Amino acid sequence: MVQAEQGAKVVVTGAGGGIGAALARRFADRGARVVVNDLDADRAKAVAEEIGGLAVAGDASSIVAEARDALGGTVDVYCANAGVGRGGGEPGEPLDEQGWALSWDVNVMAHVRAAHALLPDWLERGSGRFVSTVSAAGLLTMIGTAPYSVTKHGAYAFAEWLSLTYRHRGVKVHAICPQGVRTDMLDASGSAGELVLKPTAIEPEDVADALFRGIEEDRFLILPHPEVAEYYQARAADPDRWISGMNRIQQHWEATR
């Protein structure tokens with residue numbers, strides 16, 4: 001529990017707004033020393049000043065060393081929250097290889113690189129906490145956005161691998177998998193997000209609440225939308241029925257856009 005409370009040294013990527021800013025605020029409220037990372041230096045600075053934290057701007061893939069130095073040489077909690085939501089990927093559309101590469105780099109490889117940099121110290125001292133902001137799309141798939149769905153599946157798989165590999169050595173891992181959250185990314189999700197995500201969208205602060213409940217209960221899978229557990233079970237129990245249901249949503253979306 002110390003890692004989520006007084007004196008913890010925390011890094012949150014993509015924390016210039018949305019879920020990341022909510023996580024940074026919540027950790028700071030609990031007495032943590034927080035590094036706020038964002039590609040937008042001004043947004044990172046604004047949140048850091050608000051919470052009495054430290055701003056480290058730049059690509060989330062490469063800021064572990066700088067963030068660790070800013071915190072005096074130690075990171076207790078790393079929140080891999082930065083993400084991109086690229087749509088497209090449908091057959092017949094121009095193949096946006098740059099979009100696929102960016103999605104893979106930010107949504108998956110940034111997590112891999114951070115873990116690679118953090119694990120030696122965590123394993124040596126027998127403690128560390130890795131928080132991965134995934135998405136319900138990583139469990140269920142989202143219509144209209146192949147790169148996002150595929151890479152969020154990858155992010156979830158990596159978090160799961162980290163947990164099963166290192167939990168007996170003191171490394172705690174949490175995968176946060178919300179559906180719609182009222183952020184800039186949801187606003188940019190277009191008609192698919194309007195149809196599927198906005199009706200049940202929650203606030204970023206609700207995601208932070210769910211994470212801290214999960215930390216207190218020592219849970220890997222964090223579901224800010226509890227109904228996602230039922231959807232996930234239905235998908236596993238009968239994949240063909242699940243895909244048929246999602247295809248009906250796809251058809252409805254195609255008919256209305």
# chains A, B, ... in the order shown; residues from 1 in each chain; ligands from 1
$ residues_around --residues "Pro224 of chain A" --least-positions-apart "3" --cutoff "6 Å" --atoms "only C-alpha atoms" --output "PyMOL selection string"
chain A and resi 178+207+210
$ write_last_selection --atoms "N, CA and C atoms" --output "PDB file, in the first residue's frame"
ATOM      1  N   PRO A 178     -11.257   0.755 -19.242  1.00  0.00           N
ATOM      2  CA  PRO A 178     -12.562   1.418 -19.311  1.00  0.00           C
ATOM      3  C   PRO A 178     -13.142   1.368 -20.715  1.00  0.00           C
ATOM      4  N   VAL A 207     -12.199   6.828 -13.346  1.00  0.00           N
ATOM      5  CA  VAL A 207     -11.149   5.855 -13.651  1.00  0.00           C
ATOM      6  C   VAL A 207     -10.128   5.828 -12.514  1.00  0.00           C
ATOM      7  N   ALA A 210     -11.514   3.903  -9.654  1.00  0.00           N
ATOM      8  CA  ALA A 210     -11.469   2.459  -9.903  1.00  0.00           C
ATOM      9  C   ALA A 210     -10.067   1.906  -9.699  1.00  0.00           C
TER      10      ALA A 210
END
$ select_by_dssp --residues "segment 99-208 of chain A" --states "helix (DSSP H, G or I)" --output "tab-separated table (two decimals) with N, CA and C atoms, in the first residue's frame"
chain	number	residue	atom	x	y	z
A	99	GLY	N	0.24	5.32	-39.39
A	99	GLY	CA	-0.69	5.26	-38.26
A	99	GLY	C	-0.59	3.97	-37.49
A	100	TRP	N	-0.43	2.86	-38.21
A	100	TRP	CA	-0.23	1.57	-37.54
A	100	TRP	C	1.06	1.58	-36.73
A	101	ALA	N	2.12	2.10	-37.31
A	101	ALA	CA	3.41	2.12	-36.61
A	101	ALA	C	3.36	3.00	-35.37
A	102	LEU	N	2.70	4.17	-35.49
A	102	LEU	CA	2.57	5.05	-34.33
A	102	LEU	C	1.75	4.39	-33.23
A	103	SER	N	0.65	3.75	-33.60
A	103	SER	CA	-0.19	3.07	-32.61
A	103	SER	C	0.58	1.98	-31.89
A	104	TRP	N	1.35	1.21	-32.64
A	104	TRP	CA	2.14	0.14	-32.04
A	104	TRP	C	3.20	0.71	-31.11
A	105	ASP	N	3.85	1.80	-31.55
A	105	ASP	CA	4.94	2.37	-30.76
A	105	ASP	C	4.44	2.96	-29.44
A	106	VAL	N	3.34	3.72	-29.51
A	106	VAL	CA	2.84	4.40	-28.31
A	106	VAL	C	2.04	3.47	-27.41
A	107	ASN	N	1.16	2.67	-28.01
A	107	ASN	CA	0.24	1.86	-27.20
A	107	ASN	C	0.85	0.57	-26.67
A	108	VAL	N	1.93	0.11	-27.29
A	108	VAL	CA	2.56	-1.14	-26.84
A	108	VAL	C	4.02	-0.94	-26.48
A	109	MET	N	4.83	-0.50	-27.44
A	109	MET	CA	6.27	-0.48	-27.21
A	109	MET	C	6.69	0.52	-26.14
A	110	ALA	N	5.95	1.60	-25.95
A	110	ALA	CA	6.28	2.52	-24.85
A	110	ALA	C	6.17	1.80	-23.51
A	111	HIS	N	5.21	0.88	-23.38
A	111	HIS	CA	5.07	0.10	-22.15
A	111	HIS	C	6.24	-0.88	-22.01
A	112	VAL	N	6.60	-1.51	-23.11
A	112	VAL	CA	7.70	-2.47	-23.09
A	112	VAL	C	9.00	-1.77	-22.71
A	113	ARG	N	9.27	-0.63	-23.31
A	113	ARG	CA	10.52	0.10	-23.02
A	113	ARG	C	10.56	0.57	-21.58
A	114	ALA	N	9.42	1.05	-21.07
A	114	ALA	CA	9.39	1.50	-19.68
A	114	ALA	C	9.66	0.34	-18.73
A	115	ALA	N	9.01	-0.78	-18.96
A	115	ALA	CA	9.22	-1.94	-18.09
A	115	ALA	C	10.67	-2.40	-18.15
A	116	HIS	N	11.25	-2.40	-19.34
A	116	HIS	CA	12.65	-2.80	-19.50
A	116	HIS	C	13.57	-1.91	-18.66
A	117	ALA	N	13.27	-0.62	-18.60
A	117	ALA	CA	14.09	0.31	-17.85
A	117	ALA	C	13.85	0.22	-16.34
A	118	LEU	N	12.64	-0.13	-15.94
A	118	LEU	CA	12.27	-0.13	-14.53
A	118	LEU	C	12.55	-1.45	-13.81
A	119	LEU	N	12.42	-2.56	-14.50
A	119	LEU	CA	12.45	-3.86	-13.84
A	119	LEU	C	13.75	-4.18	-13.10
A	120	PRO	N	14.92	-3.87	-13.62
A	120	PRO	CA	16.13	-4.23	-12.86
A	120	PRO	C	16.12	-3.70	-11.43
A	121	ASP	N	15.75	-2.43	-11.26
A	121	ASP	CA	15.71	-1.86	-9.92
A	121	ASP	C	14.59	-2.46	-9.09
A	122	TRP	N	13.41	-2.62	-9.69
A	122	TRP	CA	12.28	-3.18	-8.96
A	122	TRP	C	12.57	-4.60	-8.48
A	123	LEU	N	13.16	-5.40	-9.34
A	123	LEU	CA	13.45	-6.78	-8.96
A	123	LEU	C	14.52	-6.85	-7.90
A	124	GLU	N	15.47	-5.93	-7.96
A	124	GLU	CA	16.54	-5.92	-6.94
A	124	GLU	C	15.99	-5.59	-5.57
A	125	ARG	N	15.05	-4.63	-5.51
A	125	ARG	CA	14.51	-4.26	-4.20
A	125	ARG	C	13.22	-4.98	-3.84
A	137	ALA	N	-11.36	-1.92	-25.27
A	137	ALA	CA	-11.05	-2.40	-26.63
A	137	ALA	C	-9.96	-3.47	-26.60
A	138	GLY	N	-9.13	-3.47	-25.58
A	138	GLY	CA	-8.11	-4.50	-25.44
A	138	GLY	C	-8.66	-5.84	-25.00
A	139	LEU	N	-9.88	-5.83	-24.51
A	139	LEU	CA	-10.55	-7.07	-24.13
A	139	LEU	C	-11.61	-7.48	-25.15
A	140	LEU	N	-12.26	-6.48	-25.77
A	140	LEU	CA	-13.48	-6.75	-26.53
A	140	LEU	C	-13.40	-6.38	-28.00
A	146	ALA	N	-9.14	-0.43	-36.35
A	146	ALA	CA	-8.27	-1.61	-36.27
A	146	ALA	C	-6.97	-1.35	-35.53
A	147	PRO	N	-6.22	-0.27	-35.84
A	147	PRO	CA	-4.95	-0.07	-35.13
A	147	PRO	C	-5.13	0.05	-33.62
A	148	TYR	N	-6.15	0.78	-33.19
A	148	TYR	CA	-6.39	0.94	-31.75
A	148	TYR	C	-6.75	-0.40	-31.11
A	149	SER	N	-7.67	-1.12	-31.70
A	149	SER	CA	-8.10	-2.40	-31.13
A	149	SER	C	-6.95	-3.39	-31.04
A	150	VAL	N	-6.19	-3.51	-32.12
A	150	VAL	CA	-5.11	-4.49	-32.15
A	150	VAL	C	-4.02	-4.15	-31.14
A	151	THR	N	-3.62	-2.88	-31.09
A	151	THR	CA	-2.54	-2.52	-30.18
A	151	THR	C	-2.98	-2.51	-28.72
A	152	LYS	N	-4.24	-2.23	-28.47
A	152	LYS	CA	-4.71	-2.31	-27.08
A	152	LYS	C	-4.79	-3.77	-26.62
A	153	HIS	N	-5.10	-4.69	-27.53
A	153	HIS	CA	-4.97	-6.11	-27.19
A	153	HIS	C	-3.52	-6.42	-26.81
A	154	GLY	N	-2.59	-5.83	-27.56
A	154	GLY	CA	-1.17	-6.04	-27.26
A	154	GLY	C	-0.78	-5.47	-25.91
A	155	ALA	N	-1.28	-4.28	-25.60
A	155	ALA	CA	-0.97	-3.67	-24.31
A	155	ALA	C	-1.49	-4.51	-23.16
A	156	TYR	N	-2.70	-5.05	-23.33
A	156	TYR	CA	-3.25	-5.91	-22.29
A	156	TYR	C	-2.43	-7.18	-22.13
A	157	ALA	N	-2.05	-7.78	-23.25
A	157	ALA	CA	-1.26	-9.01	-23.19
A	157	ALA	C	0.07	-8.78	-22.51
A	158	PHE	N	0.69	-7.63	-22.77
A	158	PHE	CA	1.98	-7.35	-22.13
A	158	PHE	C	1.81	-7.15	-20.63
A	159	ALA	N	0.78	-6.42	-20.23
A	159	ALA	CA	0.54	-6.23	-18.79
A	159	ALA	C	0.28	-7.57	-18.10
A	160	GLU	N	-0.49	-8.42	-18.75
A	160	GLU	CA	-0.78	-9.73	-18.19
A	160	GLU	C	0.51	-10.55	-18.05
A	161	TRP	N	1.36	-10.48	-19.07
A	161	TRP	CA	2.63	-11.20	-19.02
A	161	TRP	C	3.50	-10.68	-17.89
A	162	LEU	N	3.57	-9.36	-17.73
A	162	LEU	CA	4.35	-8.80	-16.64
A	162	LEU	C	3.87	-9.32	-15.29
A	163	SER	N	2.56	-9.34	-15.12
A	163	SER	CA	2.01	-9.76	-13.83
A	163	SER	C	2.29	-11.22	-13.53
A	164	LEU	N	2.06	-12.09	-14.49
A	164	LEU	CA	2.26	-13.52	-14.22
A	164	LEU	C	3.74	-13.87	-14.10
A	165	THR	N	4.60	-13.05	-14.67
A	165	THR	CA	6.03	-13.33	-14.63
A	165	THR	C	6.69	-12.82	-13.36
A	166	TYR	N	6.24	-11.66	-12.85
A	166	TYR	CA	6.99	-11.01	-11.78
A	166	TYR	C	6.22	-10.79	-10.48
A	167	ARG	N	4.97	-11.19	-10.38
A	167	ARG	CA	4.23	-10.85	-9.16
A	167	ARG	C	4.82	-11.51	-7.93
A	168	HIS	N	5.40	-12.70	-8.07
A	168	HIS	CA	6.00	-13.36	-6.90
A	168	HIS	C	7.31	-12.70	-6.48
A	169	ARG	N	7.78	-11.75	-7.29
A	169	ARG	CA	9.01	-11.03	-6.97
A	169	ARG	C	8.73	-9.59	-6.56
A	184	ASP	N	-10.38	14.10	-24.54
A	184	ASP	CA	-10.18	14.55	-25.91
A	184	ASP	C	-10.19	13.37	-26.88
A	185	MET	N	-9.67	12.21	-26.43
A	185	MET	CA	-9.64	11.06	-27.32
A	185	MET	C	-11.06	10.61	-27.67
A	186	LEU	N	-11.97	10.65	-26.71
A	186	LEU	CA	-13.35	10.28	-27.01
A	186	LEU	C	-13.97	11.29	-27.98
A	187	ASP	N	-13.69	12.56	-27.77
A	187	ASP	CA	-14.22	13.58	-28.67
A	187	ASP	C	-13.74	13.38	-30.10
A	190	GLY	N	-15.05	10.11	-33.35
A	190	GLY	CA	-15.97	10.15	-34.47
A	190	GLY	C	-17.30	9.45	-34.20
A	191	SER	N	-17.95	9.05	-35.29
A	191	SER	CA	-19.29	8.49	-35.18
A	191	SER	C	-19.30	7.14	-34.49
A	192	ALA	N	-18.22	6.36	-34.59
A	192	ALA	CA	-18.17	5.07	-33.89
A	192	ALA	C	-18.17	5.28	-32.38
A	193	GLY	N	-17.37	6.23	-31.92
A	193	GLY	CA	-17.36	6.55	-30.50
A	193	GLY	C	-18.67	7.12	-30.03
A	194	GLU	N	-19.28	7.94	-30.88
A	194	GLU	CA	-20.59	8.52	-30.55
A	194	GLU	C	-21.63	7.42	-30.34
A	195	LEU	N	-21.57	6.39	-31.17
A	195	LEU	CA	-22.55	5.31	-31.11
A	195	LEU	C	-22.29	4.36	-29.94
A	196	VAL	N	-21.05	3.95	-29.78
A	196	VAL	CA	-20.73	2.86	-28.86
A	196	VAL	C	-20.30	3.35	-27.48
A	198	LYS	N	-20.05	6.95	-26.11
A	198	LYS	CA	-20.54	8.14	-25.40
A	198	LYS	C	-21.75	7.88	-24.51
A	199	PRO	N	-22.67	6.97	-24.87
A	199	PRO	CA	-23.84	6.80	-24.00
A	199	PRO	C	-23.51	6.39	-22.57
A	200	THR	N	-22.42	5.67	-22.37
A	200	THR	CA	-22.07	5.22	-21.01
A	200	THR	C	-20.74	5.81	-20.54
A	204	PRO	N	-12.87	11.08	-16.14
A	204	PRO	CA	-11.53	10.57	-15.81
A	204	PRO	C	-11.35	10.28	-14.32
A	205	GLU	N	-11.98	11.08	-13.48
A	205	GLU	CA	-11.87	10.86	-12.04
A	205	GLU	C	-12.46	9.52	-11.61
A	206	ASP	N	-13.47	9.04	-12.35
A	206	ASP	CA	-14.04	7.73	-12.06
A	206	ASP	C	-13.03	6.62	-12.34
A	207	VAL	N	-12.20	6.83	-13.35
A	207	VAL	CA	-11.15	5.85	-13.65
A	207	VAL	C	-10.13	5.83	-12.51
A	208	ALA	N	-9.76	7.00	-12.01
A	208	ALA	CA	-8.83	7.06	-10.88
A	208	ALA	C	-9.41	6.37	-9.65
$ closest_residue --among "A:Arg26, A:Arg33, A:His174, A:Arg241" --to "Ala67 of chain A" --atoms "only C-alpha atoms"
A:Arg33
$ closest_residue --among "A:Ala24, A:Ala201, A:Val10, A:Met246" --to "Gly144 of chain A" --atoms "only C-alpha atoms"
A:Met246
